[in-house]
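In what follows, a structure is listed as structure tokens, so that the remarks can point back to it.
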Amino acid sequence: MKLKRILSLALSGVLAVSMLTACGGGSSISSLLDNRTSTVRSALNGAQEMVSYKSNDKELDDAISKVAGTLTPAQVTNGIADSSVSTTVRQLTGYGDMGLGGAWKAQTTVGSETFVKVFVYNVENEAFDTASEVASNIAEQLKVMDLKSEDATKGTDVTNSYKGNVVAYEKTIGEGDSAFDAWVVGVSITQTVTADK
């Protein structure tokens with residue numbers, strides 16, 4: 001645990017220096033980014049019924065704003081973020097990797113754990129130039145978890161429940177005619193296991 005925290009702090013320091021260098025050494029990262037959380041949250045909630053997403057996860061907000069502030073053109077994937085962006089967010093939040101390889105199964109160890117997946121879009125790309133298109137793409141990739149199924153909610157003598165959070169920031173990447181706007185979207189799911197009475 002201490003090693004994870006040290007790595008997280010070290011990475012935060014590297015990101016902070018990078019951001020300060022990129023913006024002339026004195027500007028705040030918030031002046032470079034536009035918060036799109038409300039728009040994306042509303043669109044994502046409208047695009048699916050598996051989880052009602054909120055936007056009150058401070059750790060996720062901090063991590064997504066940091067990676068958005070240092071985003072490069074090569075990291076714009078129009079889908080799941082590349083490993084460097086994803087790993088950075090997991091290190092900064094301490095969350096696990098949200099597995100999208102199939103339906104989730106109910107866990108049996110009482111307690112809570114949070115998982116995260118990061119998505120990056122060029123919102124000037126015709127396929128992703130509206131919040132509903134971005135949200136539909138995210139919802140399509142997340143639906144494989146099937147969190148409302150009995151397999152995901154009921155285990156032996158336990159019940160599993162799920163809460164979601166979403167954060168989104170926009171950054172203009174590049175300069176002049178080659179500049180474009182990108183959205184970095186972080187989605188977290190907290191899985192809580194409670195013992196049946």
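Every chain in the structure tokens has a letter given in the order shown (A, B, ...), and although residue numbers restart at 1 in each chain, ligands are simply numbered from 1 in the order shown.
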
Write out as JSON, numbers by chain all residues of range 26-92 of chain A that DSSP puts in helix (DSSP H, G or I) for this structure's backbone. {"A": [29, 30, 31, 37, 38, 39, 40, 41, 42, 43, 44, 45, 46, 47, 58, 59, 60, 61, 62, 63, 64, 65, 66, 67, 68, 69, 73, 74, 75, 83, 84, 85, 86, 87, 88, 89, 90, 91, 92]}

Would you save the residues from that selection as a compact mmCIF listing (two decimals), in the first residue's frame, using N, CA, C and O atoms?
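Full text of result06.txt as output:
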# COMPACT_ATOMS: atom_id res chain seq x y z
N ILE A 29 -4.25 24.36 -14.34
CA ILE A 29 -4.72 23.39 -15.31
C ILE A 29 -6.18 23.67 -15.67
O ILE A 29 -6.60 23.44 -16.79
N SER A 30 -6.97 24.20 -14.74
CA SER A 30 -8.38 24.43 -15.02
C SER A 30 -8.57 25.44 -16.14
O SER A 30 -9.59 25.44 -16.81
N SER A 31 -7.61 26.32 -16.36
CA SER A 31 -7.73 27.30 -17.44
C SER A 31 -7.52 26.66 -18.81
O SER A 31 -7.86 27.26 -19.82
N THR A 37 -18.44 17.15 -17.64
CA THR A 37 -19.02 16.07 -16.84
C THR A 37 -20.54 16.05 -16.88
O THR A 37 -21.15 15.01 -17.10
N SER A 38 -21.17 17.18 -16.66
CA SER A 38 -22.63 17.23 -16.61
C SER A 38 -23.25 16.76 -17.92
O SER A 38 -24.20 15.97 -17.93
N THR A 39 -22.69 17.22 -19.03
CA THR A 39 -23.19 16.84 -20.35
C THR A 39 -23.04 15.35 -20.60
O THR A 39 -23.98 14.68 -21.05
N VAL A 40 -21.86 14.80 -20.29
CA VAL A 40 -21.61 13.38 -20.54
C VAL A 40 -22.42 12.52 -19.58
O VAL A 40 -22.98 11.49 -19.99
N ARG A 41 -22.52 12.93 -18.32
CA ARG A 41 -23.30 12.15 -17.34
C ARG A 41 -24.76 12.04 -17.79
O ARG A 41 -25.36 10.96 -17.78
N SER A 42 -25.34 13.15 -18.18
CA SER A 42 -26.73 13.14 -18.63
C SER A 42 -26.91 12.25 -19.85
O SER A 42 -27.86 11.45 -19.92
N ALA A 43 -26.00 12.36 -20.80
CA ALA A 43 -26.09 11.55 -22.02
C ALA A 43 -25.88 10.07 -21.72
O ALA A 43 -26.58 9.20 -22.27
N LEU A 44 -24.95 9.75 -20.83
CA LEU A 44 -24.68 8.35 -20.49
C LEU A 44 -25.85 7.73 -19.74
O LEU A 44 -26.23 6.58 -20.00
N ASN A 45 -26.46 8.49 -18.85
CA ASN A 45 -27.64 7.98 -18.14
C ASN A 45 -28.80 7.75 -19.11
O ASN A 45 -29.60 6.84 -18.92
N GLY A 46 -28.87 8.56 -20.14
CA GLY A 46 -29.93 8.38 -21.14
C GLY A 46 -29.66 7.25 -22.11
O GLY A 46 -30.58 6.73 -22.75
N ALA A 47 -28.40 6.83 -22.22
CA ALA A 47 -28.01 5.82 -23.21
C ALA A 47 -28.08 4.40 -22.66
O ALA A 47 -27.95 3.44 -23.42
N LYS A 58 -14.36 12.63 -6.26
CA LYS A 58 -13.28 13.62 -6.32
C LYS A 58 -11.97 13.01 -6.82
O LYS A 58 -11.24 13.64 -7.59
N GLU A 59 -11.65 11.79 -6.38
CA GLU A 59 -10.42 11.14 -6.84
C GLU A 59 -10.43 10.96 -8.35
O GLU A 59 -9.44 11.21 -9.04
N LEU A 60 -11.58 10.52 -8.88
CA LEU A 60 -11.69 10.34 -10.33
C LEU A 60 -11.60 11.67 -11.04
O LEU A 60 -10.92 11.79 -12.07
N ASP A 61 -12.25 12.69 -10.50
CA ASP A 61 -12.21 14.03 -11.11
C ASP A 61 -10.78 14.54 -11.19
O ASP A 61 -10.33 15.03 -12.23
N ASP A 62 -10.05 14.43 -10.08
CA ASP A 62 -8.66 14.90 -10.06
C ASP A 62 -7.80 14.15 -11.08
O ASP A 62 -7.00 14.75 -11.79
N ALA A 63 -7.98 12.83 -11.14
CA ALA A 63 -7.15 12.01 -12.04
C ALA A 63 -7.46 12.31 -13.50
O ALA A 63 -6.55 12.46 -14.33
N ILE A 64 -8.74 12.43 -13.85
CA ILE A 64 -9.11 12.69 -15.25
C ILE A 64 -8.65 14.07 -15.68
O ILE A 64 -8.16 14.27 -16.79
N SER A 65 -8.77 15.06 -14.79
CA SER A 65 -8.30 16.41 -15.16
C SER A 65 -6.79 16.41 -15.38
O SER A 65 -6.29 17.09 -16.28
N LYS A 66 -6.06 15.63 -14.61
CA LYS A 66 -4.60 15.58 -14.78
C LYS A 66 -4.21 14.93 -16.10
O LYS A 66 -3.36 15.45 -16.83
N VAL A 67 -4.82 13.80 -16.43
CA VAL A 67 -4.43 13.15 -17.69
C VAL A 67 -4.94 13.95 -18.89
O VAL A 67 -4.28 14.00 -19.93
N ALA A 68 -6.08 14.61 -18.74
CA ALA A 68 -6.58 15.45 -19.84
C ALA A 68 -5.62 16.61 -20.09
O ALA A 68 -5.37 16.99 -21.24
N GLY A 69 -5.04 17.15 -19.02
CA GLY A 69 -4.13 18.27 -19.15
C GLY A 69 -2.85 17.94 -19.88
O GLY A 69 -2.20 18.83 -20.44
N PRO A 73 -1.86 14.10 -29.09
CA PRO A 73 -2.65 13.58 -30.22
C PRO A 73 -2.58 12.06 -30.35
O PRO A 73 -3.58 11.42 -30.70
N ALA A 74 -1.44 11.48 -30.08
CA ALA A 74 -1.28 10.03 -30.21
C ALA A 74 -2.12 9.25 -29.20
O ALA A 74 -2.37 8.06 -29.38
N GLN A 75 -2.57 9.92 -28.13
CA GLN A 75 -3.36 9.24 -27.10
C GLN A 75 -4.87 9.33 -27.35
O GLN A 75 -5.65 8.83 -26.55
N SER A 83 -2.86 2.43 -22.84
CA SER A 83 -2.41 1.92 -21.54
C SER A 83 -1.76 2.98 -20.66
O SER A 83 -1.90 2.95 -19.44
N SER A 84 -1.09 3.97 -21.26
CA SER A 84 -0.43 4.98 -20.43
C SER A 84 -1.45 5.86 -19.72
O SER A 84 -1.30 6.16 -18.53
N VAL A 85 -2.50 6.26 -20.42
CA VAL A 85 -3.56 7.07 -19.81
C VAL A 85 -4.30 6.24 -18.76
O VAL A 85 -4.52 6.68 -17.62
N SER A 86 -4.68 5.02 -19.12
CA SER A 86 -5.43 4.16 -18.21
C SER A 86 -4.65 3.84 -16.94
O SER A 86 -5.18 3.91 -15.83
N THR A 87 -3.37 3.51 -17.11
CA THR A 87 -2.53 3.17 -15.95
C THR A 87 -2.36 4.37 -15.04
O THR A 87 -2.41 4.24 -13.81
N THR A 88 -2.18 5.54 -15.61
CA THR A 88 -2.03 6.75 -14.80
C THR A 88 -3.27 7.00 -13.95
O THR A 88 -3.17 7.28 -12.75
N VAL A 89 -4.44 6.86 -14.54
CA VAL A 89 -5.68 7.08 -13.79
C VAL A 89 -5.82 6.05 -12.68
O VAL A 89 -6.20 6.38 -11.55
N ARG A 90 -5.51 4.80 -12.97
CA ARG A 90 -5.60 3.77 -11.92
C ARG A 90 -4.62 4.05 -10.79
O ARG A 90 -4.94 3.87 -9.61
N GLN A 91 -3.41 4.50 -11.12
CA GLN A 91 -2.43 4.80 -10.08
C GLN A 91 -2.85 6.00 -9.23
O GLN A 91 -2.69 6.00 -8.01
N LEU A 92 -3.40 7.02 -9.87
CA LEU A 92 -3.80 8.22 -9.14
C LEU A 92 -5.01 7.98 -8.25
O LEU A 92 -5.13 8.59 -7.19

*asked:* Quick check for you: according to DSSP on this backbone, which residues of range 2-193 of chain A are classed as strand (DSSP E or B)? Reply as a PyMOL selection string.
replied: chain A and resi 33-35+53-54+79-80+96-97+111-122+154-155+158-173+180-193

Just C-alpha atoms for this one: save the residues we selected as a CSV table (one decimal), in the first residue's frame.
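Below is the file selection_13.csv, written as the result:
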chain,number,residue,atom,x,y,z
A,33,LEU,CA,-9.7,22.4,-19.7
A,34,ASP,CA,-13.4,22.6,-20.0
A,35,ASN,CA,-15.5,20.4,-17.7
A,53,TYR,CA,-24.2,7.5,-13.0
A,54,LYS,CA,-23.4,10.4,-10.6
A,79,GLY,CA,-12.6,4.6,-27.5
A,80,ILE,CA,-10.9,3.0,-24.5
A,96,GLY,CA,-8.8,-1.5,-10.1
A,97,ASP,CA,-9.1,-2.0,-13.9
A,111,GLY,CA,-16.9,-4.8,1.4
A,112,SER,CA,-16.5,-2.4,-1.5
A,113,GLU,CA,-14.1,-2.1,-4.4
A,114,THR,CA,-14.0,0.5,-7.1
A,115,PHE,CA,-13.0,-0.1,-10.7
A,116,VAL,CA,-12.3,2.5,-13.5
A,117,LYS,CA,-12.2,2.6,-17.3
A,118,VAL,CA,-11.0,5.7,-19.3
A,119,PHE,CA,-12.2,6.7,-22.8
A,120,VAL,CA,-10.7,9.4,-25.1
A,121,TYR,CA,-12.5,10.9,-28.1
A,122,ASN,CA,-11.8,13.4,-30.8
A,154,LYS,CA,-26.7,-12.6,-6.0
A,155,GLY,CA,-24.0,-14.8,-4.5
A,158,VAL,CA,-24.5,-12.1,-0.2
A,159,THR,CA,-25.9,-9.4,-2.4
A,160,ASN,CA,-23.8,-7.3,-4.7
A,161,SER,CA,-24.8,-3.7,-5.6
A,162,TYR,CA,-23.2,-1.2,-8.0
A,163,LYS,CA,-22.8,2.5,-8.1
A,164,GLY,CA,-21.4,4.5,-11.0
A,165,ASN,CA,-19.5,7.8,-11.4
A,166,VAL,CA,-18.5,9.6,-14.5
A,167,VAL,CA,-16.1,12.6,-15.1
A,168,ALA,CA,-15.3,14.3,-18.4
A,169,TYR,CA,-12.9,17.0,-19.5
A,170,GLU,CA,-12.3,18.6,-22.9
A,171,LYS,CA,-8.9,19.8,-24.0
A,172,THR,CA,-7.8,21.5,-27.3
A,173,ILE,CA,-4.8,19.6,-28.7
A,180,PHE,CA,-8.8,19.7,-32.4
A,181,ASP,CA,-10.9,19.2,-29.2
A,182,ALA,CA,-10.7,15.9,-27.3
A,183,TRP,CA,-12.7,14.6,-24.4
A,184,VAL,CA,-11.3,12.4,-21.7
A,185,VAL,CA,-14.0,10.5,-19.9
A,186,GLY,CA,-13.5,8.4,-16.8
A,187,VAL,CA,-16.1,5.9,-15.7
A,188,SER,CA,-15.9,4.2,-12.3
A,189,ILE,CA,-18.1,1.4,-10.9
A,190,THR,CA,-18.1,0.7,-7.1
A,191,GLN,CA,-19.1,-2.9,-6.3
A,192,THR,CA,-20.4,-3.4,-2.8
A,193,VAL,CA,-20.9,-6.8,-1.3

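Of note, CA of Val110 in chain A and CA of Met145 in chain A are spaced 20.0 Å apart.
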
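Closest approach to Glu133 in chain A among A:Thr93, A:Asn78, A:Thr72, A:Gln107: A:Asn78, based on only C-alpha atoms.
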
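Straight-line separation from CA of Met98 in chain A to CA of Val76 in chain A: 19.5 Å.
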
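CA of Gln141 in chain A is positioned 15.5 Å from CA of Ala127 in chain A.
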
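Proximity ranking of A:Gly176, A:Val123, A:Thr194, A:Tyr95 relative to Ala135 in chain A places A:Val123 first, based on only C-alpha atoms.
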
Restricting to only C-alpha atoms, whichever of A:Leu100, A:Ala195, A:Ala106, A:Ala152 is closest to Ala139 in chain A is A:Leu100

So that I can check the surroundings of Asp146 in chain A, please list as a PyMOL selection string every protein, DNA and RNA residue that reaches within 8 Å of it, counting only C-alpha atoms and ignoring chain neighbours fewer than 2 positions away.
chain A and resi 50+103-104+143-144+148-149+152
